[in-house]
Amino acid sequence: MTSEDWESALDKFDWNDVLSEVDGELLEHLASELSFRTYQALKESSCPLGDGYHLTHLADGRWAFWNEQNYVKEDVRFFETAQHFLHVAVDEFKLEQPQVQDLLERLEKTPHLKLCAVCGHHFNPDDSARRELGIEGIFLDEENREGECCSPQCAVEAVVHDMKEG
Ligand SMILES: [Zn+2]
């Protein structure tokens, strides 16, 4: 390779591609840290608060507060209750009354997620896509409505697994 070839190769090289790939990987890591199958699933199950901030109501009742832009520098923060989060947010972001009202409304609309009994990932039981498919709730134990699954696939997987075990 001559130095000219090298230069033109560098010119064609798009650093933005590399950077967005790295970012994507980090966000997928964030998703799996919070027990989501994909970052897409995490984002769709969370409430956007602006400036890249999101709030996720986890299955165990905690609220995860994270930022998609500076998640590397800023760790995910967890709050035991919505009130806890509200207190901190009002204080930290110096919210005025209308903003507090707006935040309250968003908190109320944020879905309380569940964990799939088979794959262990979070899912939104009120997801519109699920409702469109007519999925009201898939349980390993239909009678007692226990062991809820995120998808028909997971329910099938559990049955196949049971059959293998004999
Ligand atoms: Zn599942």
# chains A, B, ... in the order shown; residues from 1 in each chain; ligands from 1
$ residues_near_ligand --ligand "ligand 1" --cutoff "7 Å" --atoms "only C-alpha atoms and all ligand atoms" --output "ChimeraX atom specification"
/A:116-121,149-151,154
$ write_last_selection --atoms "C-alpha atoms" --output "PDB file, in the first residue's frame"
ATOM      1  CA  CYS A 116     -40.704 -13.962  32.039  1.00  0.00           C
ATOM      2  CA  ALA A 117     -40.765 -17.250  33.948  1.00  0.00           C
ATOM      3  CA  VAL A 118     -38.826 -18.954  31.149  1.00  0.00           C
ATOM      4  CA  CYS A 119     -36.215 -16.567  29.717  1.00  0.00           C
ATOM      5  CA  GLY A 120     -35.975 -14.203  32.706  1.00  0.00           C
ATOM      6  CA  HIS A 121     -36.337 -11.055  30.605  1.00  0.00           C
ATOM      7  CA  CYS A 149     -44.246 -15.963  29.907  1.00  0.00           C
ATOM      8  CA  CYS A 150     -43.160 -13.027  27.778  1.00  0.00           C
ATOM      9  CA  SER A 151     -44.117 -14.701  24.522  1.00  0.00           C
ATOM     10  CA  CYS A 154     -41.106 -19.012  25.681  1.00  0.00           C
TER      11      CYS A 154
END
$ select_by_dssp --residues "chain A" --states "alpha helix (DSSP H)" --output "PyMOL selection string"
chain A and resi 3-12+15-33+39-44+82-92+97-109+128-132+152-165
$ closest_atom_pairs --of "range 53-139 of chain A" --to "range 19-43 of chain A" --cutoff "9 Å" --atoms "only C-alpha atoms" --output "CSV"
residue,atom,partner,partner_atom,distance
A:His54,CA,A:Lys43,CA,8.0
A:Thr56,CA,A:Leu42,CA,8.0
A:Leu58,CA,A:Leu34,CA,8.3
A:Ala64,CA,A:Leu34,CA,8.4
A:Glu68,CA,A:Leu27,CA,7.2
A:Gln69,CA,A:Asp23,CA,8.7
A:Tyr71,CA,A:Leu30,CA,8.1
A:Val72,CA,A:Leu26,CA,7.9
A:Val76,CA,A:Leu30,CA,8.6
A:Leu115,CA,A:Ser35,CA,8.4
A:Cys119,CA,A:Arg37,CA,8.9
A:Gly120,CA,A:Ser35,CA,7.0
A:His121,CA,A:Phe36,CA,5.0
A:His122,CA,A:Phe36,CA,5.4
A:Phe123,CA,A:Phe36,CA,7.8
$ write_last_selection --atoms "N, CA and C atoms" --output "short mmCIF file (atom, residue, chain, number, x, y, z; two decimals), in the first residue's frame"
data_model
loop_
_atom_site.label_atom_id
_atom_site.label_comp_id
_atom_site.auth_asym_id
_atom_site.auth_seq_id
_atom_site.Cartn_x
_atom_site.Cartn_y
_atom_site.Cartn_z
N HIS A 54 -34.33 8.20 30.86
CA HIS A 54 -35.45 7.26 30.81
C HIS A 54 -35.69 6.68 32.19
N THR A 56 -37.54 3.29 34.06
CA THR A 56 -38.08 1.96 33.83
C THR A 56 -38.60 1.38 35.14
N LEU A 58 -39.22 -1.65 37.03
CA LEU A 58 -38.81 -3.05 36.98
C LEU A 58 -39.81 -3.97 37.69
N ALA A 64 -35.72 2.17 37.63
CA ALA A 64 -34.36 2.39 37.12
C ALA A 64 -34.34 3.69 36.32
N GLU A 68 -29.43 7.39 28.02
CA GLU A 68 -28.87 6.66 26.88
C GLU A 68 -27.62 7.33 26.32
N GLN A 69 -27.45 8.63 26.59
CA GLN A 69 -26.29 9.32 26.04
C GLN A 69 -25.05 9.19 26.91
N TYR A 71 -24.62 7.03 29.64
CA TYR A 71 -24.75 5.90 30.54
C TYR A 71 -23.37 5.37 30.97
N VAL A 72 -22.36 5.59 30.12
CA VAL A 72 -21.02 5.12 30.46
C VAL A 72 -20.47 5.88 31.67
N VAL A 76 -26.58 3.58 36.12
CA VAL A 76 -28.02 3.48 36.32
C VAL A 76 -28.30 3.69 37.81
N LEU A 115 -41.30 -10.17 34.84
CA LEU A 115 -40.20 -11.02 34.38
C LEU A 115 -40.78 -12.31 33.81
N CYS A 119 -37.49 -17.16 30.16
CA CYS A 119 -36.22 -16.57 29.72
C CYS A 119 -35.66 -15.56 30.73
N GLY A 120 -36.47 -15.12 31.67
CA GLY A 120 -35.97 -14.20 32.71
C GLY A 120 -35.84 -12.76 32.27
N HIS A 121 -36.40 -12.44 31.09
CA HIS A 121 -36.34 -11.06 30.61
C HIS A 121 -37.61 -10.30 30.99
N HIS A 122 -37.46 -8.98 31.10
CA HIS A 122 -38.61 -8.14 31.39
C HIS A 122 -39.52 -8.06 30.17
N PHE A 123 -40.79 -7.94 30.44
CA PHE A 123 -41.74 -7.65 29.35
C PHE A 123 -42.87 -6.81 29.91
#
$ atom_distance --atom1 "CA of Glu44 in chain A" --atom2 "CA of Asp127 in chain A"
9.0 Å
$ residues_around --residues "Arg145 in chain A" --least-positions-apart "5" --cutoff "12 Å" --atoms "only C-alpha atoms" --output "ChimeraX atom specification"
/A:117,136-140
$ residues_around --residues "range 101-109 of chain A" --least-positions-apart "4" --cutoff "10 Å" --atoms "only C-alpha atoms" --output "list in words"
Ser46, Cys47, Pro48, Leu49, Leu55, Thr56, His57, Trp63, Ala82, Gln83, Phe85, Leu86, Ala89, Val90, Leu95, Glu96 and Gln97 of chain A
$ atom_distance --atom1 "CA of Lys114 in chain A" --atom2 "CA of Phe78 in chain A"
16.7 Å
$ atom_distance --atom1 "CA of Gly147 in chain A" --atom2 "CA of Arg77 in chain A"
28.3 Å
$ closest_residue --among "A:Gln99, A:Val160, A:Gly134, A:Gly50" --to "Asn67 in chain A" --atoms "only C-alpha atoms"
A:Gly50
$ closest_residue --among "A:Pro152, A:Pro98, A:Pro125, A:Pro111" --to "Gly61 in chain A" --atoms "only C-alpha atoms"
A:Pro111
$ closest_residue --among "A:His112, A:His161, A:Arg130, A:Lys73" --to "Ala59 in chain A" --atoms "only C-alpha atoms"
A:His112
$ select_by_dssp --residues "chain A" --states "strand (DSSP E or B)" --output "ChimeraX atom specification"
/A:47-50,53-57,63-67,77-79,112,114-115,122-123,138-141,146-149
$ write_last_selection --atoms "C-alpha atoms" --output "compact mmCIF listing (two decimals), in the first residue's frame"
# COMPACT_ATOMS: atom_id res chain seq x y z
CA CYS A 47 -40.72 6.27 29.91
CA PRO A 48 -38.68 8.95 28.10
CA LEU A 49 -38.07 12.02 30.25
CA GLY A 50 -36.09 14.14 27.80
CA TYR A 53 -33.14 10.22 30.40
CA HIS A 54 -35.45 7.26 30.81
CA LEU A 55 -37.29 5.67 33.66
CA THR A 56 -38.08 1.96 33.83
CA HIS A 57 -40.43 0.32 36.32
CA TRP A 63 -37.48 2.25 39.30
CA ALA A 64 -34.36 2.39 37.12
CA PHE A 65 -33.27 5.86 36.03
CA TRP A 66 -30.77 5.89 33.17
CA ASN A 67 -29.47 8.03 30.37
CA ARG A 77 -29.68 4.66 39.53
CA PHE A 78 -32.33 2.66 41.31
CA PHE A 79 -35.20 3.95 43.43
CA HIS A 112 -44.96 -1.94 35.66
CA LYS A 114 -42.94 -8.41 34.64
CA LEU A 115 -40.20 -11.02 34.38
CA HIS A 122 -38.61 -8.14 31.39
CA PHE A 123 -41.74 -7.65 29.35
CA ILE A 138 -49.54 -16.89 28.90
CA PHE A 139 -48.99 -18.95 32.00
CA LEU A 140 -47.08 -22.17 32.50
CA ASP A 141 -49.74 -22.96 35.06
CA GLU A 146 -48.52 -18.68 37.68
CA GLY A 147 -45.28 -18.64 35.72
CA GLU A 148 -46.15 -15.93 33.22
CA CYS A 149 -44.25 -15.96 29.91
